[in-house]
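**Student:** Below is the structure I would like to discuss, written out as structure tokens.
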Amino acid sequence: MMKGKNDRSIRGFSRLSKQEKLNWVCENFFGDSESAQETFEMFHLSDPDVQNIFDGFSENTISNHILPYGVAPNFLINNKTYCIPMVIEESSVVAAASSASKFWAQRGGFQYEIKDVEKIGQIHFFWSGDPDSLKQLFNSELKSDLNHHIAPFVKNMEKRGGGVREIMLTDKTEELDNYYQLVLTFDTCDSMGANFINTILEECLKRLKWLFANREDLKNGDQPEFLMAILSNYTPDCLVRAWVECSVDSLHHPQSSLTAAEFADRFHKAVKIAQLDKYRAVTHNKGVFNGLDAVVLATGNDFRAVESCGHAFAARSGRYQSLTDCSVENGVFKFSLDIPLAIGTVGGLTCLHPLAKRSLEMLGNPGARELMGIAACTGLAQNFAAIRSLITTGIQYGHMKMHLENILNHLNASPEESEKAALYFESRIISFNSVRNFLENVRCARPVK
Ligand code: MEV
């Protein structure tokens with residue numbers, strides 16, 4: 001078939017070399033192909049070995065996408081001080097985390113507790129035989145057969161203290177005709193464990209198929225249909241609780257005219273609103289994820305898994321709600337976050353991405369449990385900082401300060417010019433044009449109106 005003039009599809013793209021892919025993309029999708037090529041090439045790493053590692057993470061790679069890597073120092077968590085690596089492109093987030101860490105370091109710091117680290121995998125299958133006899137047989141024989149079959153694959157994880165905790169059969173036939181699940185629970189120690197879990201599930205699936213094909217007592221229905229075996233990213237029992245607390249009296253906020261008690265009351269109300277109104281809850285939780293995701297990304301973990309699980313958890317009551325909670329009782333202010341976090345410190349990107357390795361080193365090479373605590377505390381800090389701004393100065397105050405700095409950097413302002421601009425824009429509206437005009441006037445030594 002002839003290719004139309006506007007048809008920019010291609011066959012065999014994945015077989016092209018990286019340079020050929022880049023050429024093709026630039027020639028076909030950019031007005032100025034040469035300058036596009038330069039931009040993409042600018043982000044190729046000078047060390048080919050490291051670039052190869054990056055190219056190996058994904059497919060059809062033509063460049064690297066760069067995000068800012070910031071740090072939030074002085075985080076006091078379970079009496080240990082951390083400098084927290086944060087990868088995030090949104091201005092004010094790292095500044096807010098740092099400010100919250102400073103605030104809470106003077107009030108006992110952040111605390112966390114791991115509730116459990118259980119992960120889940122499922123095999124989904126359909127069978128038309130008698131459910132009761134299947135359940136009976138599962139408990140008396142099939143379960144131990146499956147455990148025996150997967151033993152060699154679990155051995156190493158068991159040596160590290162983890163493994164398969166339980167294999168359960170769940171009858172779902174009332175929800176969907178003939179539908180069953182084999183549910184496995186796991187402890188994957190310091191790894192996120194996706195590969196381990198999926199390997200075990202597929203081994204179980206193989207054995208299950210064999211059992212149904214070969215056991216006479218499983219031939220009382222049609223041949224089963226085995227649909228799929230995959231981990232679940234919903235891990236409500238891989239759970240961490242992070243919290244801060246202090247006397248209401250010590251909540252004084254220097255930038256605000258509020259008393260400590262008024263601050264506590266307004267803060268409490270803001271959290272309650274996020275518990276009852278989903279429009280507010282989603283934005284509120286987005287603030288939590290601003291901090292959480294930044295740590296998850298910096299340490300090479302799977303932020304999509306963390307996000308989808310976190311949001312499902314936020315809706316566990318049947319209504320989407322705030323992930324954080326606040327109480328003000330007997331003169332004590334307490335603010336907490338419960339969040340499932342299936343993250344790891346070994347395996348996957350955590351040990352391949354050079355900056356992920358450095359992030360973990362910066363954190364003192366924590367195990368998965370400690371990293372869960374650190375990430376949760378950063379999420380809580382972020383949520384605290386966001387609510388504090390919202391109920392006091394308003395969010396734009398901090399954002400605009402950062403925005404001003406970005407514009408000044410863009411316009412190559414000197415330190416003196418930046419100082420003058422900070423003073424001038426304290427009570428004025430910041431826009432790119434207003435800052436540019438201001439600088440032009442300063443540079444021409446004209447009086448600024
Ligand atoms: C912005 O990225 C996050 C906030 O909107 C969170 C919140 O409203 O709580 C400030």
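The chains in the structure tokens are called A, B, ... from first to last as shown; in each chain the residues are counted from 1, and the ligands are counted from 1 in the order shown.
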So that I can see what lies close to Asn195 (chain A), please list as a PyMOL selection string the residues with an atom at most 10 Å from it, counting only C-alpha atoms and leaving out residues fewer than 4 positions away in the same chain.
**Tutor:** chain A and resi 191+199-201+230-231+347-348
**Student:** What's around Asn178 (chain A) at 12 Å? Count only C-alpha atoms, leave out sequence neighbours fewer than 2 positions away in its own chain, and write the answer as number ranges by chain.
**Tutor:** A: 124-131, 134, 170-176, 180-181, 221-226
**Student:** Around ligand 1, out to 6 Å and counting only C-alpha atoms and all ligand atoms, which residues are there? I want them as a ChimeraX atom specification.
**Tutor:** /A:283-284,286-287,386-387
**Student:** Could you tell me which of A:Ala96, A:Leu337, A:Leu360, A:Cys246 comes closest to Ile395 (chain A) if we count only C-alpha atoms?
**Tutor:**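 Counting only C-alpha atoms, the residue closest to Ile395 (chain A) is A:Ala96.
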**Student:** Given only C-alpha atoms as the basis, pick out the residue of A:Ala72, A:Leu390, A:Met157, A:Val164 nearest to Ile88 (chain A).
**Tutor:** A:Ala72
**Student:** Any idea what's packed within 12 Å of Val50 (chain A), counting only C-alpha atoms, ignoring anything in its chain fewer than 5 positions away? Could you give it as a list of chain:residue names?
**Tutor:** A:His44, A:Leu45, A:Asp55, A:Gly56, A:Phe57, A:Asn64, A:Leu352, A:His353, A:Pro354, A:Leu355
**Student:** For each of A:Ala229, A:Ile430, A:Val288, A:Leu208, take the minimum atom-to-atom distance to Leu408 (chain A), counting only C-alpha atoms, then give the residue where this is smallest.
**Tutor:**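 Closest to Leu408 (chain A), using only C-alpha atoms: A:Ile430.
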**Student:** Which of region 252-334 of chain A end up as helix (DSSP H, G or I) when DSSP is run on this backbone - answer as JSON, numbers by chain?
**Tutor:** {"A": [260, 261, 262, 263, 264, 265, 266, 267, 268, 269, 270, 271, 272, 273, 274, 275, 276, 278, 279, 280, 281, 282, 283, 284, 285, 286, 287, 288, 289, 290, 291, 292, 293, 294, 295, 296, 297, 298, 303, 304, 305, 306, 307, 308, 309, 310, 311, 312, 313, 314]}
**Student:** For the residues in the current selection, export C-alpha atoms as a PDB file, in the first residue's frame.
**Tutor:**
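Okay, this is what ended up in selection-v5.pdb:
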ATOM      1  CA  ALA A 260      -1.300  28.391  68.451  1.00  0.00           C
ATOM      2  CA  ALA A 261      -4.807  27.245  69.409  1.00  0.00           C
ATOM      3  CA  GLU A 262      -6.344  28.965  66.377  1.00  0.00           C
ATOM      4  CA  PHE A 263      -3.716  27.371  64.148  1.00  0.00           C
ATOM      5  CA  ALA A 264      -4.472  23.895  65.570  1.00  0.00           C
ATOM      6  CA  ASP A 265      -8.191  24.433  65.105  1.00  0.00           C
ATOM      7  CA  ARG A 266      -7.880  25.620  61.493  1.00  0.00           C
ATOM      8  CA  PHE A 267      -5.473  22.786  60.680  1.00  0.00           C
ATOM      9  CA  HIS A 268      -7.823  20.220  62.202  1.00  0.00           C
ATOM     10  CA  LYS A 269     -10.733  21.604  60.176  1.00  0.00           C
ATOM     11  CA  ALA A 270      -8.694  21.459  56.943  1.00  0.00           C
ATOM     12  CA  VAL A 271      -7.975  17.750  57.503  1.00  0.00           C
ATOM     13  CA  LYS A 272     -11.592  17.001  58.414  1.00  0.00           C
ATOM     14  CA  ILE A 273     -12.748  18.639  55.175  1.00  0.00           C
ATOM     15  CA  ALA A 274     -10.374  16.369  53.236  1.00  0.00           C
ATOM     16  CA  GLN A 275     -11.980  13.422  55.014  1.00  0.00           C
ATOM     17  CA  LEU A 276     -15.493  14.312  53.993  1.00  0.00           C
ATOM     18  CA  LYS A 278     -13.513  14.084  47.716  1.00  0.00           C
ATOM     19  CA  TYR A 279     -12.768  17.238  45.708  1.00  0.00           C
ATOM     20  CA  ARG A 280     -10.605  18.482  48.548  1.00  0.00           C
ATOM     21  CA  ALA A 281      -9.331  14.974  49.418  1.00  0.00           C
ATOM     22  CA  VAL A 282      -7.771  14.444  45.993  1.00  0.00           C
ATOM     23  CA  THR A 283      -5.828  17.718  46.173  1.00  0.00           C
ATOM     24  CA  HIS A 284      -4.923  17.109  49.800  1.00  0.00           C
ATOM     25  CA  ASN A 285      -3.558  13.648  48.959  1.00  0.00           C
ATOM     26  CA  LYS A 286      -1.762  15.069  45.932  1.00  0.00           C
ATOM     27  CA  GLY A 287       0.181  17.136  48.466  1.00  0.00           C
ATOM     28  CA  VAL A 288       1.109  13.944  50.351  1.00  0.00           C
ATOM     29  CA  PHE A 289       2.297  12.362  47.096  1.00  0.00           C
ATOM     30  CA  ASN A 290       4.362  15.448  46.259  1.00  0.00           C
ATOM     31  CA  GLY A 291       6.671  14.362  49.069  1.00  0.00           C
ATOM     32  CA  LEU A 292       6.249  10.625  48.818  1.00  0.00           C
ATOM     33  CA  ASP A 293       6.736  10.312  45.083  1.00  0.00           C
ATOM     34  CA  ALA A 294       9.821  12.499  45.213  1.00  0.00           C
ATOM     35  CA  VAL A 295      11.526   9.997  47.553  1.00  0.00           C
ATOM     36  CA  VAL A 296      10.149   7.002  45.675  1.00  0.00           C
ATOM     37  CA  LEU A 297      11.573   8.405  42.420  1.00  0.00           C
ATOM     38  CA  ALA A 298      14.916   9.387  43.942  1.00  0.00           C
ATOM     39  CA  PHE A 303       5.887   5.433  41.797  1.00  0.00           C
ATOM     40  CA  ARG A 304       2.946   4.211  39.668  1.00  0.00           C
ATOM     41  CA  ALA A 305       2.499   1.227  41.980  1.00  0.00           C
ATOM     42  CA  VAL A 306       2.743   3.456  45.042  1.00  0.00           C
ATOM     43  CA  GLU A 307       0.233   5.942  43.608  1.00  0.00           C
ATOM     44  CA  SER A 308      -2.398   3.440  42.462  1.00  0.00           C
ATOM     45  CA  CYS A 309      -2.203   1.578  45.763  1.00  0.00           C
ATOM     46  CA  GLY A 310      -2.307   4.780  47.820  1.00  0.00           C
ATOM     47  CA  HIS A 311      -5.396   6.082  46.064  1.00  0.00           C
ATOM     48  CA  ALA A 312      -7.202   2.729  46.354  1.00  0.00           C
ATOM     49  CA  PHE A 313      -6.321   2.746  50.057  1.00  0.00           C
ATOM     50  CA  ALA A 314      -7.687   6.279  50.373  1.00  0.00           C
TER      51      ALA A 314
END
**Student:** Skipping near chain neighbours, those fewer than 5 positions away, what residues fall within 12 Å of Ala151 (chain A) using only C-alpha atoms, listed as a list in words?
**Tutor:**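 With the cut-off at 12 Å, the set is Ser144, Asp145, Leu146, Asn156, Met157, Glu158, Lys159, Gly163, Val164, Ile200, Glu203 and Cys204 of chain A.
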**Student:** May I have the residues from that selection written out with C-alpha atoms, as a PDB file, in the first residue's frame?
**Tutor:**
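Below you can see again37.pdb, which holds the result:
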ATOM      1  CA  SER A 144       0.622 -28.596  50.530  1.00  0.00           C
ATOM      2  CA  ASP A 145       1.272 -29.882  47.012  1.00  0.00           C
ATOM      3  CA  LEU A 146       1.633 -26.291  45.769  1.00  0.00           C
ATOM      4  CA  ASN A 156      16.625 -18.034  48.738  1.00  0.00           C
ATOM      5  CA  MET A 157      13.936 -15.598  49.874  1.00  0.00           C
ATOM      6  CA  GLU A 158      13.372 -17.788  52.928  1.00  0.00           C
ATOM      7  CA  LYS A 159      17.083 -17.612  53.736  1.00  0.00           C
ATOM      8  CA  GLY A 163       8.970 -16.145  51.439  1.00  0.00           C
ATOM      9  CA  VAL A 164       5.395 -17.211  50.816  1.00  0.00           C
ATOM     10  CA  ILE A 200       6.145 -17.881  42.178  1.00  0.00           C
ATOM     11  CA  GLU A 203       5.086 -21.699  39.030  1.00  0.00           C
ATOM     12  CA  CYS A 204       1.921 -22.200  41.066  1.00  0.00           C
TER      13      CYS A 204
END
**Student:** Ranking A:Phe212, A:Trp243, A:Phe384, A:Phe54 by minimum distance to Phe138 (chain A) and counting only C-alpha atoms, which one comes first?
**Tutor:**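 Once distances to Phe138 (chain A) are computed over only C-alpha atoms, the minimum belongs to A:Phe212.
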**Student:** Restricting the calculation to only C-alpha atoms, which member of A:Leu439, A:Gly344, A:Asp325, A:Ile150 is positioned closest to Arg207 (chain A)?
**Tutor:** A:Ile150
